[in-house]
Structures are given as structure tokens and as C-alpha cells.
>>> print(open('structure22.pdb').read())   # PDB, C-alpha atoms and all ligand atoms
ATOM      1  CA  MET A 836      11.264 -37.300 -33.134  1.00  0.00           C
ATOM      2  CA  ARG A 837       8.596 -38.924 -31.001  1.00  0.00           C
ATOM      3  CA  GLN A 838       9.990 -37.142 -27.934  1.00  0.00           C
ATOM      4  CA  ILE A 839       9.868 -33.731 -29.600  1.00  0.00           C
ATOM      5  CA  ILE A 840       6.238 -34.234 -30.553  1.00  0.00           C
ATOM      6  CA  SER A 841       5.254 -35.151 -27.014  1.00  0.00           C
ATOM      7  CA  ILE A 842       6.978 -32.054 -25.636  1.00  0.00           C
ATOM      8  CA  PHE A 843       4.992 -29.908 -28.023  1.00  0.00           C
ATOM      9  CA  THR A 844       1.792 -31.624 -26.920  1.00  0.00           C
ATOM     10  CA  VAL A 845       2.515 -30.923 -23.270  1.00  0.00           C
ATOM     11  CA  ALA A 846       3.278 -27.279 -24.023  1.00  0.00           C
ATOM     12  CA  ALA A 847       0.031 -26.881 -25.925  1.00  0.00           C
ATOM     13  CA  LEU A 848      -1.910 -28.466 -23.064  1.00  0.00           C
ATOM     14  CA  ALA A 849      -0.276 -26.138 -20.551  1.00  0.00           C
ATOM     15  CA  VAL A 850      -1.305 -23.105 -22.567  1.00  0.00           C
ATOM     16  CA  ALA A 851      -4.854 -24.421 -22.840  1.00  0.00           C
ATOM     17  CA  VAL A 852      -5.090 -25.091 -19.088  1.00  0.00           C
ATOM     18  CA  SER A 853      -3.680 -21.718 -18.080  1.00  0.00           C
ATOM     19  CA  ALA A 854      -6.034 -19.955 -20.488  1.00  0.00           C
ATOM     20  CA  CYS A 855      -8.996 -21.692 -18.837  1.00  0.00           C
ATOM     21  CA  GLY A 856      -7.693 -20.925 -15.342  1.00  0.00           C
ATOM     22  CA  GLY A 857      -7.361 -17.248 -16.133  1.00  0.00           C
ATOM     23  CA  GLY A 858     -10.949 -17.111 -17.280  1.00  0.00           C
ATOM     24  CA  ASP A 859     -12.247 -18.747 -14.147  1.00  0.00           C
ATOM     25  CA  ASP A 860     -10.485 -16.373 -11.735  1.00  0.00           C
ATOM     26  CA  SER A 861     -12.672 -13.409 -12.530  1.00  0.00           C
ATOM     27  CA  SER A 862     -15.857 -15.268 -11.629  1.00  0.00           C
ATOM     28  CA  SER A 863     -14.755 -16.309  -8.140  1.00  0.00           C
ATOM     29  CA  SER A 864     -15.972 -13.920  -5.490  1.00  0.00           C
ATOM     30  CA  PRO A 865     -13.913 -13.098  -2.379  1.00  0.00           C
ATOM     31  CA  ALA A 866     -15.105 -14.434   0.963  1.00  0.00           C
ATOM     32  CA  ASP A 867     -17.414 -12.171   2.900  1.00  0.00           C
ATOM     33  CA  ASN A 868     -15.847 -11.689   6.339  1.00  0.00           C
ATOM     34  CA  THR A 869     -18.060  -8.945   7.701  1.00  0.00           C
ATOM     35  CA  GLY A 870     -20.616 -11.259   9.322  1.00  0.00           C
ATOM     36  CA  GLY A 871     -22.865 -10.306  12.213  1.00  0.00           C
ATOM     37  CA  GLY A 872     -25.531  -8.948   9.889  1.00  0.00           C
ATOM     38  CA  VAL A 873     -23.684  -5.631   9.592  1.00  0.00           C
ATOM     39  CA  THR A 874     -23.505  -4.181   6.120  1.00  0.00           C
ATOM     40  CA  VAL A 875     -20.376  -2.126   5.618  1.00  0.00           C
ATOM     41  CA  PRO A 876     -20.655  -0.073   2.438  1.00  0.00           C
ATOM     42  CA  THR A 877     -16.921   0.370   1.975  1.00  0.00           C
ATOM     43  CA  THR A 878     -14.149  -1.642   0.425  1.00  0.00           C
ATOM     44  CA  GLN A 879     -12.116  -1.721   3.635  1.00  0.00           C
ATOM     45  CA  PRO A 880     -11.314  -5.423   4.108  1.00  0.00           C
ATOM     46  CA  ALA A 881     -10.345  -5.566   7.788  1.00  0.00           C
ATOM     47  CA  PRO A 882     -12.049  -4.251  10.923  1.00  0.00           C
ATOM     48  CA  LEU A 883     -10.300  -1.260  12.454  1.00  0.00           C
ATOM     49  CA  THR A 884      -8.274  -1.831  15.603  1.00  0.00           C
ATOM     50  CA  THR A 885      -7.425   0.859  18.116  1.00  0.00           C
ATOM     51  CA  ASP A 886      -4.473   1.215  20.466  1.00  0.00           C
ATOM     52  CA  ALA A 887      -4.516   2.043  24.196  1.00  0.00           C
ATOM     53  CA  ASN A 888      -4.920   5.753  23.411  1.00  0.00           C
ATOM     54  CA  GLY A 889      -7.922   5.167  21.187  1.00  0.00           C
ATOM     55  CA  ALA A 890      -6.026   5.814  17.965  1.00  0.00           C
ATOM     56  CA  VAL A 891      -6.824   3.677  14.932  1.00  0.00           C
ATOM     57  CA  VAL A 892      -3.879   1.418  14.199  1.00  0.00           C
ATOM     58  CA  VAL A 893      -2.709   1.434  10.581  1.00  0.00           C
ATOM     59  CA  ASP A 894      -0.275  -1.288   9.519  1.00  0.00           C
ATOM     60  CA  ILE A 895       1.912  -0.422   6.561  1.00  0.00           C
ATOM     61  CA  ASP A 896       4.546  -2.556   4.853  1.00  0.00           C
ATOM     62  CA  ALA A 897       7.273  -0.637   3.031  1.00  0.00           C
ATOM     63  CA  GLY A 898       8.823  -3.074   0.553  1.00  0.00           C
ATOM     64  CA  ASP A 899      10.995  -2.946  -2.568  1.00  0.00           C
ATOM     65  CA  TYR A 900       9.245  -0.959  -4.072  1.00  0.00           C
ATOM     66  CA  PHE A 901       5.722  -0.594  -2.809  1.00  0.00           C
ATOM     67  CA  PHE A 902       3.560   0.376   0.141  1.00  0.00           C
ATOM     68  CA  ASP A 903       0.906  -1.993   1.408  1.00  0.00           C
ATOM     69  CA  SER A 904      -1.446  -0.324   3.898  1.00  0.00           C
ATOM     70  CA  SER A 905      -4.306  -1.718   5.983  1.00  0.00           C
ATOM     71  CA  VAL A 906      -6.063   1.651   5.572  1.00  0.00           C
ATOM     72  CA  THR A 907      -6.108   3.904   2.504  1.00  0.00           C
ATOM     73  CA  THR A 908      -9.267   5.911   3.281  1.00  0.00           C
ATOM     74  CA  PHE A 909      -8.791   8.092   6.352  1.00  0.00           C
ATOM     75  CA  LYS A 910     -11.194  10.345   8.238  1.00  0.00           C
ATOM     76  CA  VAL A 911     -10.719  13.936   9.384  1.00  0.00           C
ATOM     77  CA  GLY A 912     -10.302  14.280  13.149  1.00  0.00           C
ATOM     78  CA  VAL A 913      -9.593  10.602  13.806  1.00  0.00           C
ATOM     79  CA  PRO A 914      -6.231   9.929  15.458  1.00  0.00           C
ATOM     80  CA  TYR A 915      -4.214   7.324  13.558  1.00  0.00           C
ATOM     81  CA  HIS A 916      -1.290   5.358  14.941  1.00  0.00           C
ATOM     82  CA  ILE A 917       0.610   4.510  11.766  1.00  0.00           C
ATOM     83  CA  VAL A 918       3.050   1.613  12.101  1.00  0.00           C
ATOM     84  CA  VAL A 919       5.468   1.296   9.204  1.00  0.00           C
ATOM     85  CA  HIS A 920       7.568  -1.845   8.797  1.00  0.00           C
ATOM     86  CA  ASN A 921      10.371  -1.992   6.255  1.00  0.00           C
ATOM     87  CA  THR A 922       9.893  -5.477   4.784  1.00  0.00           C
ATOM     88  CA  GLY A 923      12.325  -4.865   1.933  1.00  0.00           C
ATOM     89  CA  LEU A 924      16.033  -5.332   1.413  1.00  0.00           C
ATOM     90  CA  GLU A 925      16.786  -1.627   1.119  1.00  0.00           C
ATOM     91  CA  GLU A 926      16.268   1.365   3.384  1.00  0.00           C
ATOM     92  CA  HIS A 927      13.138   3.379   2.706  1.00  0.00           C
ATOM     93  CA  GLU A 928      11.425   6.522   3.863  1.00  0.00           C
ATOM     94  CA  PHE A 929       7.758   7.085   4.520  1.00  0.00           C
ATOM     95  CA  MET A 930       6.057  10.283   3.486  1.00  0.00           C
ATOM     96  CA  ILE A 931       2.431  11.379   3.409  1.00  0.00           C
ATOM     97  CA  VAL A 932       2.658  14.054   0.767  1.00  0.00           C
ATOM     98  CA  GLU A 933       1.041  15.322  -2.393  1.00  0.00           C
ATOM     99  CA  PRO A 934       2.154  13.633  -5.616  1.00  0.00           C
ATOM    100  CA  ILE A 935       5.528  14.981  -6.694  1.00  0.00           C
ATOM    101  CA  PRO A 936       6.951  14.080 -10.084  1.00  0.00           C
ATOM    102  CA  ALA A 937      10.262  12.279  -9.630  1.00  0.00           C
ATOM    103  CA  GLY A 938      13.334  14.490  -9.665  1.00  0.00           C
ATOM    104  CA  GLU A 939      11.502  17.832  -9.557  1.00  0.00           C
ATOM    105  CA  MET A 940      12.239  18.828  -5.976  1.00  0.00           C
ATOM    106  CA  SER A 941      14.964  18.604  -3.394  1.00  0.00           C
ATOM    107  CA  MET A 942      14.454  16.320  -0.430  1.00  0.00           C
ATOM    108  CA  GLU A 943      14.303  19.400   1.804  1.00  0.00           C
ATOM    109  CA  MET A 944      11.415  20.896  -0.170  1.00  0.00           C
ATOM    110  CA  MET A 945       9.502  17.606  -0.142  1.00  0.00           C
ATOM    111  CA  ASP A 946      10.103  17.161   3.582  1.00  0.00           C
ATOM    112  CA  GLY A 947       8.658  20.616   4.151  1.00  0.00           C
ATOM    113  CA  MET A 948       5.520  19.730   2.189  1.00  0.00           C
ATOM    114  CA  ALA A 949       4.938  16.387   3.855  1.00  0.00           C
ATOM    115  CA  VAL A 950       1.984  15.915   6.201  1.00  0.00           C
ATOM    116  CA  ALA A 951       4.051  13.246   7.945  1.00  0.00           C
ATOM    117  CA  HIS A 952       7.481  11.782   7.415  1.00  0.00           C
ATOM    118  CA  ILE A 953       9.679   8.954   8.683  1.00  0.00           C
ATOM    119  CA  GLU A 954      13.315   9.395   7.663  1.00  0.00           C
ATOM    120  CA  GLU A 955      15.282   6.498   6.213  1.00  0.00           C
ATOM    121  CA  ASP A 956      17.453   6.489   9.349  1.00  0.00           C
ATOM    122  CA  ASP A 957      14.352   5.270  11.176  1.00  0.00           C
ATOM    123  CA  LEU A 958      13.256   2.863   8.456  1.00  0.00           C
ATOM    124  CA  GLN A 959      16.216   0.605   7.887  1.00  0.00           C
ATOM    125  CA  VAL A 960      15.788  -2.992   6.713  1.00  0.00           C
ATOM    126  CA  ASP A 961      13.326  -4.808   9.011  1.00  0.00           C
ATOM    127  CA  GLN A 962      12.940  -1.732  11.208  1.00  0.00           C
ATOM    128  CA  THR A 963       9.486  -0.701  12.420  1.00  0.00           C
ATOM    129  CA  THR A 964       8.710   2.907  13.288  1.00  0.00           C
ATOM    130  CA  ALA A 965       5.369   4.418  14.232  1.00  0.00           C
ATOM    131  CA  LEU A 966       4.005   7.911  14.059  1.00  0.00           C
ATOM    132  CA  ASP A 967       0.703   9.512  15.013  1.00  0.00           C
ATOM    133  CA  VAL A 968      -1.294  11.519  12.504  1.00  0.00           C
ATOM    134  CA  THR A 969      -4.638  13.267  12.701  1.00  0.00           C
ATOM    135  CA  PHE A 970      -5.819  14.754   9.425  1.00  0.00           C
ATOM    136  CA  THR A 971      -7.375  18.206   9.732  1.00  0.00           C
ATOM    137  CA  GLU A 972      -9.019  18.565   6.341  1.00  0.00           C
ATOM    138  CA  PRO A 973     -10.509  16.247   3.715  1.00  0.00           C
ATOM    139  CA  THR A 974      -8.555  15.560   0.543  1.00  0.00           C
ATOM    140  CA  ALA A 975      -9.899  14.258  -2.741  1.00  0.00           C
ATOM    141  CA  ALA A 976      -8.379  11.356  -4.612  1.00  0.00           C
ATOM    142  CA  GLY A 977      -5.096  12.339  -6.210  1.00  0.00           C
ATOM    143  CA  THR A 978      -4.245  14.903  -3.507  1.00  0.00           C
ATOM    144  CA  LEU A 979      -2.188  12.802  -1.097  1.00  0.00           C
ATOM    145  CA  GLU A 980      -0.184   9.632  -1.303  1.00  0.00           C
ATOM    146  CA  LEU A 981       2.240   7.528   0.648  1.00  0.00           C
ATOM    147  CA  ALA A 982       5.601   7.876  -1.065  1.00  0.00           C
ATOM    148  CA  CYS A 983       9.272   6.997  -0.864  1.00  0.00           C
ATOM    149  CA  HIS A 984      11.476   9.389  -2.796  1.00  0.00           C
ATOM    150  CA  ILE A 985      14.806   7.698  -2.106  1.00  0.00           C
ATOM    151  CA  ASP A 986      16.854   7.090  -5.267  1.00  0.00           C
ATOM    152  CA  ASP A 987      14.487   5.792  -7.966  1.00  0.00           C
ATOM    153  CA  HIS A 988      12.045   4.072  -5.614  1.00  0.00           C
ATOM    154  CA  TYR A 989       9.210   6.406  -6.584  1.00  0.00           C
ATOM    155  CA  GLU A 990       9.669   5.659 -10.291  1.00  0.00           C
ATOM    156  CA  GLU A 991       9.769   1.960  -9.395  1.00  0.00           C
ATOM    157  CA  GLY A 992       6.254   2.328  -8.002  1.00  0.00           C
ATOM    158  CA  MET A 993       6.804   3.080  -4.328  1.00  0.00           C
ATOM    159  CA  LEU A 994       3.675   5.156  -3.874  1.00  0.00           C
ATOM    160  CA  LEU A 995       0.131   4.498  -2.705  1.00  0.00           C
ATOM    161  CA  PRO A 996      -2.704   7.025  -3.128  1.00  0.00           C
ATOM    162  CA  ILE A 997      -4.812   7.770  -0.063  1.00  0.00           C
ATOM    163  CA  VAL A 998      -8.017   9.710   0.533  1.00  0.00           C
ATOM    164  CA  VAL A 999      -9.135  11.721   3.575  1.00  0.00           C
ATOM    165  CA  THR A1000     -12.898  12.010   4.011  1.00  0.00           C
ATOM    166  CA  ALA A1001     -14.784  14.572   6.090  1.00  0.00           C
TER     167      ALA A1001
HETATM  168 CU    CU B1101      12.074   3.366  -0.791  1.00  0.00          CU
END
>>> encode(input="structure22.pdb", output="C-alpha cells")
Amino acid sequence: MRQIISIFTVAALAVAVSACGGGDDSSSSPADNTGGGVTVPTTQPAPLTTDANGAVVVDIDAGDYFFDSSVTTFKVGVPYHIVVHNTGLEEHEFMIVEPIPAGEMSMEMMDGMAVAHIEEDDLQVDQTTALDVTFTEPTAAGTLELACHIDDHYEEGMLLPIVVTA
């Protein structure tokens, strides 16, 4: 009986500690890495890097089932060198396309709509494939996203909204 009581006490303490921890998280502010006295009024966390051709390098992880991109706000007329790495355990595709409800279109139709596309043959597990994109017109939020429409990946959350500014 004594042992059961002590287990309950530990469990109650754990709940109390985790409740406190959760409350504290919201008050901690992220480190400010901009430095140099430059105020950058955007939420972009990392400085932009360019390749030998002057294109802005965008690093994107395609996982099971998500996209993680170093850039989500793009600019019209800027050349982007988009490097997509499949970090998951399944093959994926990479599309820049308007939001398409799952199951409403054939792959051929979606491919035709896509601003850019990397086929799953070029995005096997641990494969990295790059493509170059220059956006020609601005798009508001909700107009374009990164998406994988293989099987049920899209329903699983494999999409990431992006914005193109003028
Ligand atoms: Cu996928």
C-alpha cells in the first residue's frame, strides 16, 4: 500500500511540474541573431545565401509528411535555387501549386497547373534535387503552396503555404 501511495505522489508531482514548464515556455523570447545594428522587419530567421549564379538558395526538407523550408516569402523577379532533400522514409514529390483539395484532380492536371515540380523519381529517399524558379507575379497568402500529392501525403499535412511579394 505504501508503494502505491508513493507512485501516486510522483505522478501528481510530474503533472504539477509539466504544468509549470508549459506556462514558462511562452514567456521565453527567441535569441536575436540579426546583430550588426540592422533591423530586419520580417520574420525570416536566417540570412539569405546566394549561389555562384546569384540565385537565392532555398533549402527545403521533404519529410513524412511535411515540408520545412528556409524561405516561405518569395519576391517577384528574384532567381531562386530551390534545393529539396527527401529526409523521409518514403518517396515524395515537390510541387509549387495552388491549393488543391485532395482527390479532386488527376496527377496530370495538377502537374499542368504547377509553377514548378520535382517528380518522385527524382525525390527518392535521401535524394536531393534542385530546381531554379523565378516568380513572375505576386501571389497573396492562400494562393500558392508547396505540396506533395502522392497517396495520402497531402491529407497527412504535406503542404506548406508560401507567399510571393512584389
Ligand atoms: Cu509525399
>>> residues_around(input="structure22.pdb", residues="region 930-932 of chain A", least_positions_apart="3", cutoff="6 Å", atoms="all atoms listed in the file", output="JSON, numbers by chain")
{"A": [949, 950, 951, 952, 979, 980, 981, 982]}
>>> write_last_selection(input="structure22.pdb", atoms="C-alpha atoms", output="PDB file, keeping the file's coordinate frame")
ATOM      1  CA  ALA A 949       4.938  16.387   3.855  1.00  0.00           C
ATOM      2  CA  VAL A 950       1.984  15.915   6.201  1.00  0.00           C
ATOM      3  CA  ALA A 951       4.051  13.246   7.945  1.00  0.00           C
ATOM      4  CA  HIS A 952       7.481  11.782   7.415  1.00  0.00           C
ATOM      5  CA  LEU A 979      -2.188  12.802  -1.097  1.00  0.00           C
ATOM      6  CA  GLU A 980      -0.184   9.632  -1.303  1.00  0.00           C
ATOM      7  CA  LEU A 981       2.240   7.528   0.648  1.00  0.00           C
ATOM      8  CA  ALA A 982       5.601   7.876  -1.065  1.00  0.00           C
TER       9      ALA A 982
END
>>> residues_around(input="structure22.pdb", residues="Asp967 (chain A)", least_positions_apart="5", cutoff="8 Å", atoms="all atoms listed in the file", output="PyMOL selection string")
chain A and resi 914-917
>>> resolve_selection(input="structure22.pdb", expression="the PyMOL selection byres (((not hetatm)) within 7 of (chain B and resi 1101))", output="list in words")
Asp899, Tyr900, Glu926, His927, Glu928, Cys983, His984, Ile985, His988 and Met993 of chain A
>>> residues_around(input="structure22.pdb", residues="Gln959 (chain A)", least_positions_apart="3", cutoff="9 Å", atoms="all atoms listed in the file", output="MDAnalysis selection string")
chainID A and resid 921 923:928 955:956 962:963
>>> closest_residue(input="structure22.pdb", among="A:Ser904, A:Val919, A:Ala1001, A:Ser941", to="Leu958 (chain A)", atoms="only C-alpha atoms")
A:Val919
>>> atom_distance(input="structure22.pdb", atom1="CA of Pro934 (chain A)", atom2="CA of Val999 (chain A)")
14.7 Å
>>> atom_distance(input="structure22.pdb", atom1="CA of Leu995 (chain A)", atom2="CA of Val893 (chain A)")
13.9 Å
>>> residues_near_point(input="structure22.pdb", point="(-5.3, 8.6, -5.5)", cutoff="7 Å", atoms="only C-alpha atoms", output="ChimeraX atom specification")
/A:976-980,996-998
